[in-house]
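Asker: What follows is model_24.cif; its format and atoms are mmCIF, C-alpha atoms and all ligand atoms.
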```cif
data_my_file
#
loop_
_atom_site.label_atom_id
_atom_site.label_comp_id
_atom_site.auth_asym_id
_atom_site.auth_seq_id
_atom_site.Cartn_x
_atom_site.Cartn_y
_atom_site.Cartn_z
CA MET C 584 0.00 0.00 0.00
CA PRO C 585 2.40 2.74 -1.20
CA ILE C 586 1.80 6.21 0.15
CA ARG C 587 4.72 7.82 -1.71
CA ALA C 588 6.69 6.58 -4.71
CA GLU C 589 9.96 8.54 -4.24
CA PRO C 590 11.36 8.17 -1.71
CA PHE C 591 9.46 4.92 -1.33
CA ASN C 592 7.07 4.75 1.63
CA ALA C 593 4.43 2.07 2.10
CA GLU C 594 2.12 0.72 4.76
CA THR C 595 1.46 -2.95 5.45
CA ALA C 596 -1.58 -4.19 3.51
CA PRO C 597 -4.55 -4.95 5.82
CA ARG C 598 -4.51 -8.67 4.92
CA ALA C 599 -0.80 -8.99 5.74
CA LEU C 600 -1.42 -7.46 9.17
CA GLU C 601 -3.20 -10.67 10.16
CA HIS C 602 0.16 -12.51 10.42
CA ALA C 603 1.95 -12.51 13.79
CA VAL C 604 5.21 -12.11 11.86
CA THR C 605 4.73 -9.77 8.93
CA PRO C 606 6.00 -11.24 5.63
CA THR C 607 9.10 -9.26 4.64
CA GLU C 608 7.63 -8.02 1.35
CA ALA C 609 4.59 -6.66 3.24
CA PHE C 610 6.54 -5.02 6.11
CA PHE C 611 5.95 -1.26 6.07
CA VAL C 612 8.76 0.86 4.59
CA ARG C 613 9.83 4.32 5.71
CA THR C 614 12.62 6.00 3.77
CA ASN C 615 13.55 9.66 3.91
CA PHE C 616 15.93 9.49 0.90
CA ASP C 617 16.79 7.10 -1.94
CA VAL C 618 17.73 3.58 -0.89
CA PRO C 619 21.54 3.30 -0.97
CA ALA C 620 23.04 0.29 -2.80
CA LEU C 621 25.48 -1.38 -0.39
CA GLU C 622 27.24 -4.72 -0.93
CA VAL C 623 27.18 -7.17 1.94
CA GLY C 624 30.55 -8.64 0.85
CA VAL C 625 32.53 -5.39 0.93
CA HIS C 626 30.56 -3.24 3.39
CA ARG C 627 32.37 -1.97 6.46
CA VAL C 628 31.09 -0.14 9.48
CA THR C 629 33.47 2.44 10.95
CA VAL C 630 33.45 2.66 14.74
CA GLY C 631 35.06 5.72 16.28
CA GLY C 632 34.64 8.76 18.49
CA ARG C 633 35.35 8.29 22.22
CA VAL C 634 36.87 4.81 21.86
CA SER C 635 40.34 3.36 22.51
CA HIS C 636 40.56 1.16 19.40
CA PRO C 637 38.74 2.67 16.40
CA ALA C 638 37.77 -0.07 13.97
CA SER C 639 36.38 -0.74 10.53
CA LEU C 640 34.45 -3.99 10.70
CA THR C 641 33.16 -6.25 7.93
CA ILE C 642 29.79 -8.00 8.16
CA GLY C 643 31.72 -11.25 8.72
CA GLU C 644 33.65 -9.73 11.65
CA LEU C 645 30.37 -8.52 13.15
CA ARG C 646 28.85 -12.01 12.85
CA ASP C 647 31.83 -13.42 14.75
CA LEU C 648 30.91 -11.28 17.76
CA GLY C 649 27.85 -13.53 18.31
CA LEU C 650 24.25 -13.31 17.16
CA SER C 651 20.92 -12.93 18.97
CA THR C 652 17.44 -13.35 17.50
CA MET C 653 14.31 -11.49 18.63
CA HIS C 654 10.71 -10.82 17.59
CA VAL C 655 10.37 -7.05 17.45
CA THR C 656 7.41 -4.86 16.46
CA LEU C 657 8.33 -1.58 14.74
CA GLU C 658 5.86 1.26 14.51
CA CYS C 659 6.60 4.49 12.68
CA ALA C 660 6.26 7.47 15.02
CA GLY C 661 4.02 9.06 12.38
CA ASN C 662 1.64 6.09 12.27
CA SER C 663 -2.03 7.19 12.56
CA ARG C 664 -1.06 10.79 11.81
CA THR C 665 -4.00 11.18 9.42
CA THR C 666 -6.50 10.44 12.19
CA MET C 667 -5.24 13.46 14.15
CA SER C 668 -7.20 16.66 13.89
CA PRO C 669 -6.27 19.26 12.82
CA LEU C 670 -4.05 17.32 10.39
CA PRO C 671 -0.38 17.81 11.29
CA GLN C 672 2.35 18.13 8.66
CA GLY C 673 4.26 15.02 7.58
CA GLU C 674 3.82 11.78 5.62
CA PRO C 675 0.11 10.93 5.36
CA TRP C 676 0.27 7.63 7.27
CA GLY C 677 -2.96 5.80 8.01
CA SER C 678 -2.70 3.26 10.82
CA ASN C 679 -0.78 0.43 9.13
CA ALA C 680 2.79 1.73 9.46
CA VAL C 681 3.38 -1.02 12.02
CA SER C 682 4.79 -4.52 11.46
CA THR C 683 6.62 -7.30 13.28
CA ALA C 684 9.67 -9.29 12.17
CA VAL C 685 12.17 -11.75 13.57
CA TRP C 686 15.51 -9.93 13.61
CA THR C 687 18.96 -11.52 13.95
CA GLY C 688 22.03 -9.50 14.73
CA VAL C 689 24.91 -8.60 17.00
CA PRO C 690 24.18 -6.70 20.21
CA LEU C 691 25.55 -3.16 19.66
CA ARG C 692 27.03 -3.55 23.13
CA ARG C 693 29.49 -6.21 21.86
CA VAL C 694 30.81 -3.80 19.24
CA LEU C 695 31.21 -0.99 21.79
CA GLU C 696 33.03 -3.34 24.18
CA ARG C 697 35.35 -4.48 21.41
CA VAL C 698 36.47 -0.91 20.58
CA GLY C 699 36.83 0.11 24.23
CA MET C 700 34.23 2.84 24.55
CA HIS C 701 35.35 5.60 26.93
CA ALA C 702 33.55 6.09 30.23
CA ASP C 703 32.70 9.71 29.36
CA THR C 704 30.41 8.61 26.50
CA ILE C 705 26.86 9.91 26.93
CA GLU C 706 25.40 9.09 23.52
CA VAL C 707 26.15 6.68 20.67
CA LEU C 708 25.57 8.11 17.20
CA VAL C 709 24.55 5.72 14.44
CA SER C 710 24.71 7.04 10.85
CA GLY C 711 23.06 5.67 7.73
CA ALA C 712 24.54 5.70 4.21
CA ASP C 713 21.54 7.69 2.95
CA ALA C 714 21.54 11.46 2.59
CA GLY C 715 19.91 14.10 0.46
CA ALA C 716 18.29 17.48 0.26
CA LEU C 717 15.17 18.43 2.18
CA ARG C 718 12.83 21.27 1.42
CA ASP C 719 13.49 24.36 3.57
CA VAL C 720 16.72 22.93 5.00
CA PRO C 721 20.11 24.06 3.61
CA GLY C 722 22.75 21.56 2.55
CA GLU C 723 22.79 17.79 2.41
CA ILE C 724 21.28 15.96 5.35
CA ARG C 725 22.23 12.46 6.41
CA PHE C 726 19.94 10.11 8.29
CA ALA C 727 21.70 9.78 11.64
CA ARG C 728 20.39 9.28 15.16
CA SER C 729 21.97 9.01 18.59
CA LEU C 730 20.92 6.78 21.46
CA PRO C 731 21.48 7.51 25.14
CA VAL C 732 24.46 5.38 26.20
CA GLU C 733 22.29 3.16 28.46
CA LYS C 734 20.06 2.25 25.52
CA ALA C 735 23.09 1.66 23.26
CA LEU C 736 24.52 -0.72 25.87
CA HIS C 737 21.22 -2.54 26.45
CA PRO C 738 21.83 -6.20 25.52
CA ASP C 739 18.71 -6.24 23.30
CA THR C 740 19.75 -3.29 21.11
CA LEU C 741 20.89 -5.08 17.96
CA LEU C 742 22.86 -4.39 14.82
CA ALA C 743 20.68 -6.61 12.66
CA LEU C 744 21.91 -8.57 9.65
CA GLU C 745 18.85 -10.70 9.03
CA MET C 746 15.09 -10.23 8.93
CA ASN C 747 12.72 -13.22 9.01
CA GLY C 748 15.61 -15.65 8.48
CA GLU C 749 17.08 -13.98 5.40
CA LEU C 750 19.71 -11.32 4.80
CA LEU C 751 18.20 -7.84 5.08
CA SER C 752 16.55 -6.57 1.90
CA PRO C 753 17.67 -3.20 0.46
CA ALA C 754 14.47 -1.41 1.57
CA HIS C 755 14.87 -2.62 5.15
CA GLY C 756 18.50 -1.58 5.58
CA ALA C 757 20.81 -4.08 3.86
CA PRO C 758 23.38 -5.09 4.86
CA LEU C 759 23.21 -3.70 8.41
CA ARG C 760 20.61 -1.85 10.47
CA LEU C 761 20.00 -0.98 14.05
CA ILE C 762 16.99 -2.47 15.87
CA VAL C 763 16.03 -0.63 19.04
CA PRO C 764 13.30 -2.81 20.57
CA GLY C 765 10.40 -0.96 22.16
CA TRP C 766 11.18 2.39 20.51
CA TYR C 767 9.43 3.99 17.58
CA GLY C 768 10.96 3.08 14.21
CA MET C 769 13.10 6.19 13.67
CA ALA C 770 15.63 4.89 16.21
CA SER C 771 16.27 1.76 14.14
CA VAL C 772 18.74 3.34 11.69
CA LYS C 773 19.03 1.47 8.38
CA TRP C 774 22.15 1.12 6.13
CA VAL C 775 24.54 1.69 9.06
CA THR C 776 27.96 2.96 7.98
CA ARG C 777 29.31 4.67 11.11
CA ILE C 778 29.03 4.34 14.86
CA ASP C 779 30.51 7.09 17.05
CA ALA C 780 30.75 7.33 20.83
CA LEU C 781 30.00 10.95 21.79
CA ASP C 782 30.76 12.91 24.97
CA GLY C 783 28.08 15.49 24.15
CA PRO C 784 24.56 15.56 22.75
CA PHE C 785 24.05 14.99 19.02
CA THR C 786 22.07 17.85 17.47
CA GLY C 787 21.47 16.63 13.89
CA TYR C 788 18.29 17.30 11.93
CA PHE C 789 16.65 13.91 12.55
CA GLN C 790 17.46 14.21 16.26
CA LYS C 791 16.40 17.76 17.10
CA GLN C 792 14.15 18.98 14.26
CA ARG C 793 12.22 15.76 13.66
CA TYR C 794 10.99 12.99 15.99
CA ILE C 795 10.28 15.50 18.73
CA LEU C 796 7.00 16.15 20.50
CA ASP C 797 6.29 19.80 19.93
CA ARG C 798 2.94 20.80 21.39
CA TYR C 799 2.75 24.57 21.17
CA PRO C 800 4.88 27.33 19.63
CA GLY C 801 7.78 28.22 21.88
CA GLY C 802 6.90 25.44 24.31
CA GLU C 803 9.20 22.69 25.52
CA THR C 804 9.84 19.72 23.27
CA ALA C 805 10.54 16.11 24.18
CA PRO C 806 12.26 13.44 22.08
CA VAL C 807 10.14 10.60 20.68
CA THR C 808 11.37 7.38 22.30
CA ALA C 809 9.36 4.33 23.48
CA MET C 810 6.20 3.23 21.66
CA ARG C 811 3.05 4.15 23.52
CA VAL C 812 0.53 1.46 24.39
CA LYS C 813 -1.69 0.81 21.35
CA SER C 814 -3.88 -1.82 19.73
CA ALA C 815 -5.25 -2.67 16.31
CA ILE C 816 -8.19 -4.76 15.09
CA VAL C 817 -6.94 -6.86 12.17
CA SER C 818 -9.85 -9.27 11.59
CA PRO C 819 -12.49 -8.90 10.36
CA ARG C 820 -11.57 -6.14 7.95
CA GLY C 821 -14.05 -3.38 7.26
CA ASP C 822 -14.68 -4.60 3.70
CA GLU C 823 -15.48 -8.23 4.59
CA HIS C 824 -18.89 -9.78 4.06
CA LEU C 825 -20.04 -11.08 7.47
CA ARG C 826 -23.01 -13.22 8.53
CA THR C 827 -25.23 -12.41 11.51
CA GLY C 828 -24.48 -14.47 14.61
CA ARG C 829 -21.02 -14.64 16.13
CA VAL C 830 -18.12 -12.72 14.64
CA HIS C 831 -14.60 -13.70 15.70
CA VAL C 832 -12.62 -10.47 16.23
CA ARG C 833 -8.79 -10.56 16.39
CA GLY C 834 -6.06 -8.03 16.78
CA TRP C 835 -2.73 -7.01 18.25
CA ALA C 836 -1.68 -4.87 21.19
CA TRP C 837 1.79 -3.51 21.93
CA SER C 838 3.67 -1.09 24.17
CA GLY C 839 7.33 -0.12 24.33
CA ASN C 840 7.08 0.48 28.07
CA ALA C 841 5.74 -2.75 29.56
CA GLN C 842 3.95 -6.01 28.74
CA ILE C 843 0.33 -5.87 27.61
CA VAL C 844 -1.92 -6.94 30.48
CA ARG C 845 -5.39 -6.15 29.17
CA VAL C 846 -7.34 -5.49 25.99
CA GLU C 847 -10.98 -4.42 26.04
CA VAL C 848 -13.41 -4.12 23.18
CA ALA C 849 -16.39 -1.80 22.98
CA VAL C 850 -19.29 -2.58 20.67
CA GLY C 851 -21.00 0.66 19.77
CA GLY C 852 -20.30 4.01 21.29
CA GLY C 853 -20.06 4.96 24.93
CA GLU C 854 -18.43 3.07 27.75
CA SER C 855 -19.54 -0.50 27.01
CA TRP C 856 -16.05 -2.00 27.39
CA GLN C 857 -15.73 -5.79 27.67
CA ASP C 858 -12.55 -7.80 28.22
CA ALA C 859 -10.96 -9.48 25.20
CA ARG C 860 -8.81 -12.63 25.69
CA LEU C 861 -5.04 -12.31 25.44
CA VAL C 862 -3.82 -15.32 23.47
CA GLY C 863 -0.68 -16.77 21.90
CA PRO C 864 2.95 -16.50 22.90
CA VAL C 865 4.46 -13.54 24.75
CA GLU C 866 7.50 -12.06 22.99
CA THR C 867 8.90 -9.22 25.08
CA TYR C 868 9.22 -6.77 22.18
CA ALA C 869 6.47 -7.93 19.84
CA TRP C 870 2.76 -7.26 19.68
CA ARG C 871 0.47 -9.57 21.69
CA ALA C 872 -2.47 -11.33 20.09
CA TRP C 873 -6.00 -10.92 21.47
CA GLU C 874 -9.44 -12.14 20.44
CA PHE C 875 -13.06 -11.36 21.17
CA GLU C 876 -16.41 -12.96 20.25
CA LEU C 877 -18.82 -10.37 18.96
CA VAL C 878 -22.47 -11.31 19.23
CA ALA C 879 -24.13 -9.74 16.20
CA PRO C 880 -27.69 -11.07 15.92
CA ASP C 881 -29.03 -8.25 13.79
CA ALA C 882 -28.10 -7.23 10.28
CA GLY C 883 -26.54 -3.79 10.11
CA ARG C 884 -23.46 -1.80 10.99
CA TYR C 885 -21.48 -2.46 14.17
CA MET C 886 -18.82 -0.12 15.51
CA LEU C 887 -15.87 -1.81 17.23
CA ARG C 888 -13.16 -0.23 19.34
CA ALA C 889 -10.18 -1.86 21.06
CA ARG C 890 -8.28 -0.42 24.02
CA ALA C 891 -5.06 -1.84 25.46
CA THR C 892 -3.46 -1.45 28.89
CA ASP C 893 0.15 -2.24 29.77
CA ALA C 894 1.72 -3.45 33.03
CA ALA C 895 2.88 0.08 33.83
CA GLY C 896 -0.78 1.13 33.95
CA ASN C 897 -0.74 3.03 30.65
CA VAL C 898 -4.12 2.89 28.87
CA GLN C 899 -4.86 4.01 25.31
CA PRO C 900 -6.63 7.37 25.33
CA GLU C 901 -9.76 8.01 23.28
CA VAL C 902 -8.10 11.11 21.82
CA ALA C 903 -4.33 11.40 21.54
CA GLU C 904 -2.39 14.42 22.62
CA TRP C 905 -2.03 16.59 19.50
CA ASN C 906 1.48 17.71 18.51
CA ARG C 907 2.76 19.78 15.60
CA LEU C 908 4.51 16.95 13.76
CA GLY C 909 1.80 14.37 14.41
CA TYR C 910 3.78 11.72 16.30
CA CYS C 911 2.84 9.01 18.80
CA ASN C 912 -0.88 8.86 18.05
CA ASN C 913 -1.94 5.89 20.16
CA ALA C 914 -5.61 6.78 20.42
CA VAL C 915 -8.25 4.04 20.42
CA GLN C 916 -9.07 3.13 16.81
CA GLN C 917 -12.57 2.35 15.63
CA LEU C 918 -13.69 -0.04 12.92
CA ALA C 919 -17.06 -0.18 11.21
CA ILE C 920 -18.18 -3.65 10.08
CA THR C 921 -21.38 -4.61 8.31
CA VAL C 922 -23.18 -7.85 9.19
CA GLY C 923 -25.93 -9.64 7.31
N1 LIG U 1 19.11 5.27 7.31
C1 LIG U 1 17.81 5.40 7.57
N2 LIG U 1 17.28 4.71 8.57
C2 LIG U 1 15.97 4.80 8.87
C3 LIG U 1 15.12 5.67 8.15
C4 LIG U 1 15.69 6.40 7.07
O1 LIG U 1 15.02 7.17 6.36
N3 LIG U 1 17.04 6.24 6.81
N4 LIG U 1 13.79 5.79 8.51
C5 LIG U 1 13.49 5.45 9.91
C6 LIG U 1 12.08 5.41 10.21
S1 LIG U 1 11.32 6.91 10.41
C7 LIG U 1 11.42 4.23 10.43
S2 LIG U 1 9.79 4.22 10.92
C8 LIG U 1 12.09 2.92 10.23
C9 LIG U 1 11.29 2.05 9.27
O2 LIG U 1 11.93 0.83 9.05
P1 LIG U 1 11.44 -0.08 7.84
O3 LIG U 1 11.48 0.73 6.58
O4 LIG U 1 12.32 -1.27 7.81
O5 LIG U 1 10.00 -0.46 8.17
O6 LIG U 1 13.40 3.08 9.72
C10 LIG U 1 14.13 4.13 10.31
N5 LIG U 1 15.49 4.06 9.89
MO MO U 2 9.16 6.48 11.15
#
```
Would you put the structure from the file into structure tokens?
Ligand SMILES: Nc1nc2c(c(=O)[nH]1)N[C@H]1C(S)=C(S)[C@@H](COP(=O)(O)O)O[C@H]1N2
Ligand SMILES: [Mo]
Answerer:
Amino acid sequence: MPIRAEPFNAETAPRALEHAVTPTEAFFVRTNFDVPALEVGVHRVTVGGRVSHPASLTIGELRDLGLSTMHVTLECAGNSRTTMSPLPQGEPWGSNAVSTAVWTGVPLRRVLERVGMHADTIEVLVSGADAGALRDVPGEIRFARSLPVEKALHPDTLLALEMNGELLSPAHGAPLRLIVPGWYGMASVKWVTRIDALDGPFTGYFQKQRYILDRYPGGETAPVTAMRVKSAIVSPRGDEHLRTGRVHVRGWAWSGNAQIVRVEVAVGGGESWQDARLVGPVETYAWRAWEFELVAPDAGRYMLRARATDAAGNVQPEVAEWNRLGYCNNAVQQLAITVG
């Protein structure tokens, strides 16, 4: 479901969202510039900055540091932007810029240990090979993002080489990308070419001008980090032909802050919330499956809403906090289905 041809941006098709692990070709794509062509056989990642032993590592040398595999859900920070009102600026994402894959890679921590990162490091900057011009911004801008040192050293922050059991595809960051589990997608830098330990804050465009929560002119801003608790109804789809009787409703719920502990469904407007059943395996960083039996005896339109709660007590709001760039919209979503 492309939403822009160049640079290529696409959501996951509604049908593909029904899979617990999104097929690679259906996984949403967010690119700010053209996709760089990098060769897995010759690619090197340069590691420098506040380190004792700067290095230039091949993909093979990274592999030798030891691999981990994890199910991780990525959601673009701009997902559901078009359901915010008034409409903020930015890519016109509906609500399907979210997907889950099985990622295999080297913990970034191993790389930082190998080069002897200095104790005065406060951030780790990860730079992509992609750069280009942006409207209203002078010069060439590279996609680069820093992580607080604690997050960079977290054992689950990966430099991924594989997605769903295969080498990364060009669109998803071949041959090397960061995966920052639990954070919105912008942190997971694709096409990694450089890693630098910094003793001061990084102030690049994609750190300080984008992926910030900016609520009112001249007000304070906050960086976009962990994914807010959210849920989606993936079956039935709004365009399906459904019979009266019982309708099996399924969906996902996720949060970057804590495990999902509850999903409720409301049939119709108002406060008629009923508990859905949490089902299937628990993967720390992936969406959790839930299901609900809708009793629909009468032909006509039914409105469904799902609302998730995480173990930290965060609950999806009915209306998300508006912000200028339209990020982190985790409001309850509603789906109209027609029965009979
Ligand atoms: N180098 C680079 N990395 C990037 C981006 C980019 O434009 N360039 N986009 C980011 C954003 S905003 C998101 S949501 C995720 C999307 O990852 P995907 O395209 O594999 O779904 O990649 C992130 N990493
Ligand atoms: Mo994104």
Asker: Which residues come within 8 Å of segment 696-706 of chain C, counting only C-alpha atoms, excluding same-chain residues fewer than 3 positions away, as a PDB file with C-alpha atoms, in the frame of the given file?
Answerer:
```
ATOM      1  CA  VAL C 630      33.450   2.660  14.740  1.00  0.00           C
ATOM      2  CA  ARG C 633      35.350   8.290  22.220  1.00  0.00           C
ATOM      3  CA  VAL C 634      36.870   4.810  21.860  1.00  0.00           C
ATOM      4  CA  SER C 635      40.340   3.360  22.510  1.00  0.00           C
ATOM      5  CA  HIS C 636      40.560   1.160  19.400  1.00  0.00           C
ATOM      6  CA  PRO C 637      38.740   2.670  16.400  1.00  0.00           C
ATOM      7  CA  ALA C 638      37.770  -0.070  13.970  1.00  0.00           C
ATOM      8  CA  ARG C 692      27.030  -3.550  23.130  1.00  0.00           C
ATOM      9  CA  ARG C 693      29.490  -6.210  21.860  1.00  0.00           C
ATOM     10  CA  SER C 729      21.970   9.010  18.590  1.00  0.00           C
ATOM     11  CA  LEU C 730      20.920   6.780  21.460  1.00  0.00           C
ATOM     12  CA  PRO C 731      21.480   7.510  25.140  1.00  0.00           C
ATOM     13  CA  VAL C 732      24.460   5.380  26.200  1.00  0.00           C
ATOM     14  CA  ALA C 735      23.090   1.660  23.260  1.00  0.00           C
ATOM     15  CA  ALA C 780      30.750   7.330  20.830  1.00  0.00           C
ATOM     16  CA  LEU C 781      30.000  10.950  21.790  1.00  0.00           C
ATOM     17  CA  ASP C 782      30.760  12.910  24.970  1.00  0.00           C
ATOM     18  CA  GLY C 783      28.080  15.490  24.150  1.00  0.00           C
ATOM     19  CA  PRO C 784      24.560  15.560  22.750  1.00  0.00           C
ATOM     20  CA  PHE C 785      24.050  14.990  19.020  1.00  0.00           C
TER      21      PHE C 785
END
```
Asker: Please find the residues contacting ligand LIG 1 (chain U) at a distance of at most 7 Å between atoms, with all atoms listed in the file counted, and report them as a list in words.
Answerer: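 For ligand LIG 1 (chain U), the residues inside 7 Å are Phe610, Phe611, Val612, Arg613, Thr614, Asn615, Phe616, Leu657, Glu658, Cys659, Ala660, Ser710, Gly711, Ala712, Asp713, Phe726, Ala727, Ala754, His755, Gly756, Tyr767, Gly768, Met769, Ala770, Ser771, Val772, Lys773, Trp774 and Val775 of chain C.
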Asker: Need the shell around Asn912 of chain C: protein/DNA/RNA residues with any atom at most 10 Å away, counting all atoms listed in the file. Skip same-chain ones fewer than 6 positions apart. Format as a list in words?
Answerer: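 Near neighbours after the sequence-gap exclusion: Ala660, Gly661, Asn662, Ser663, Arg664, Thr665, Thr666, Met667, Ser678, Met810, Arg811, Val812, Lys813, Gln899, Pro900, Val902, Ala903, Glu904, Trp905 and Asn906 of chain C.
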Asker: In Å, with one decimal, what is the gap from atom CA of Gly828 of chain C to atom CA of Gln916 of chain C?
Answerer: 23.5 Å
Asker: Quick one: of C:Ala757, C:Met886, C:Val694, C:Cys911, who's nearest to ligand MO 2 (chain U), counting all atoms listed in the file?
Answerer: C:Cys911
Asker: Between C:Ala914, C:Val623, C:Leu600, C:Ala836, which residue has the minimum interatomic distance to Ser818 of chain C, considering all atoms listed in the file?
Answerer: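 Closest to Ser818 of chain C of all the choices is C:Leu600.
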Asker: By how many Å are atom CA of Val817 of chain C and atom CA of Gly834 of chain C apart?
Answerer: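 That distance, rounded to one decimal, is 4.8 Å.
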Asker: Just to confirm, what's the straight-line distance from atom CA of Leu861 of chain C to atom CA of Pro597 of chain C in Å (one decimal)?
Answerer: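 Interatomic distance here is 21.0 Å.
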Asker: For a quick check of understanding, using all atoms listed in the file, which of C:Arg587, C:Arg820, C:Lys734, C:Arg845 has the smallest distance to Ala894 of chain C?
Answerer: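 That would be C:Arg845, the residue with the smallest distance to Ala894 of chain C.
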Asker: Just checking: using all atoms listed in the file, which residue out of C:Arg884, C:Arg871, C:Arg833, C:Arg793 ends up closest to ligand MO 2 (chain U)?
Answerer: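 Once distances to ligand MO 2 (chain U) are computed over all atoms listed in the file, the minimum belongs to C:Arg793.
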Asker: Of the residues C:Pro675, C:Gly631, C:Gly851, C:Gly883, which is the one nearest to ligand MO 2 (chain U), using all atoms listed in the file?
Answerer: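 Result for the nearest residue to ligand MO 2 (chain U): C:Pro675.
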Asker: Please identify all polymer residues within 12 Å of Trp837 of chain C, counting only C-alpha atoms, omitting same-chain residues fewer than 6 positions from it, and present them as a ChimeraX atom specification.
Answerer: /C:655-658,681-683,764-767,809-815,843-846,861,865-873,890-894,897-899,913
Asker: Using only C-alpha atoms, pick whichever of C:Ala620, C:Arg907, C:Leu751, C:His654 has the shortest atom-to-atom distance to Pro800 of chain C.
Answerer: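 Using only C-alpha atoms, Pro800 of chain C sits closest to C:Arg907.
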Asker: List the neighbours of Asn747 of chain C out to 10 Å using only C-alpha atoms; skip same-chain residues closer than 3 positions along the sequence, and give me the result as an NGL selection string.
Answerer: :C and (604-607 or 652-654 or 683-687 or 750-751)
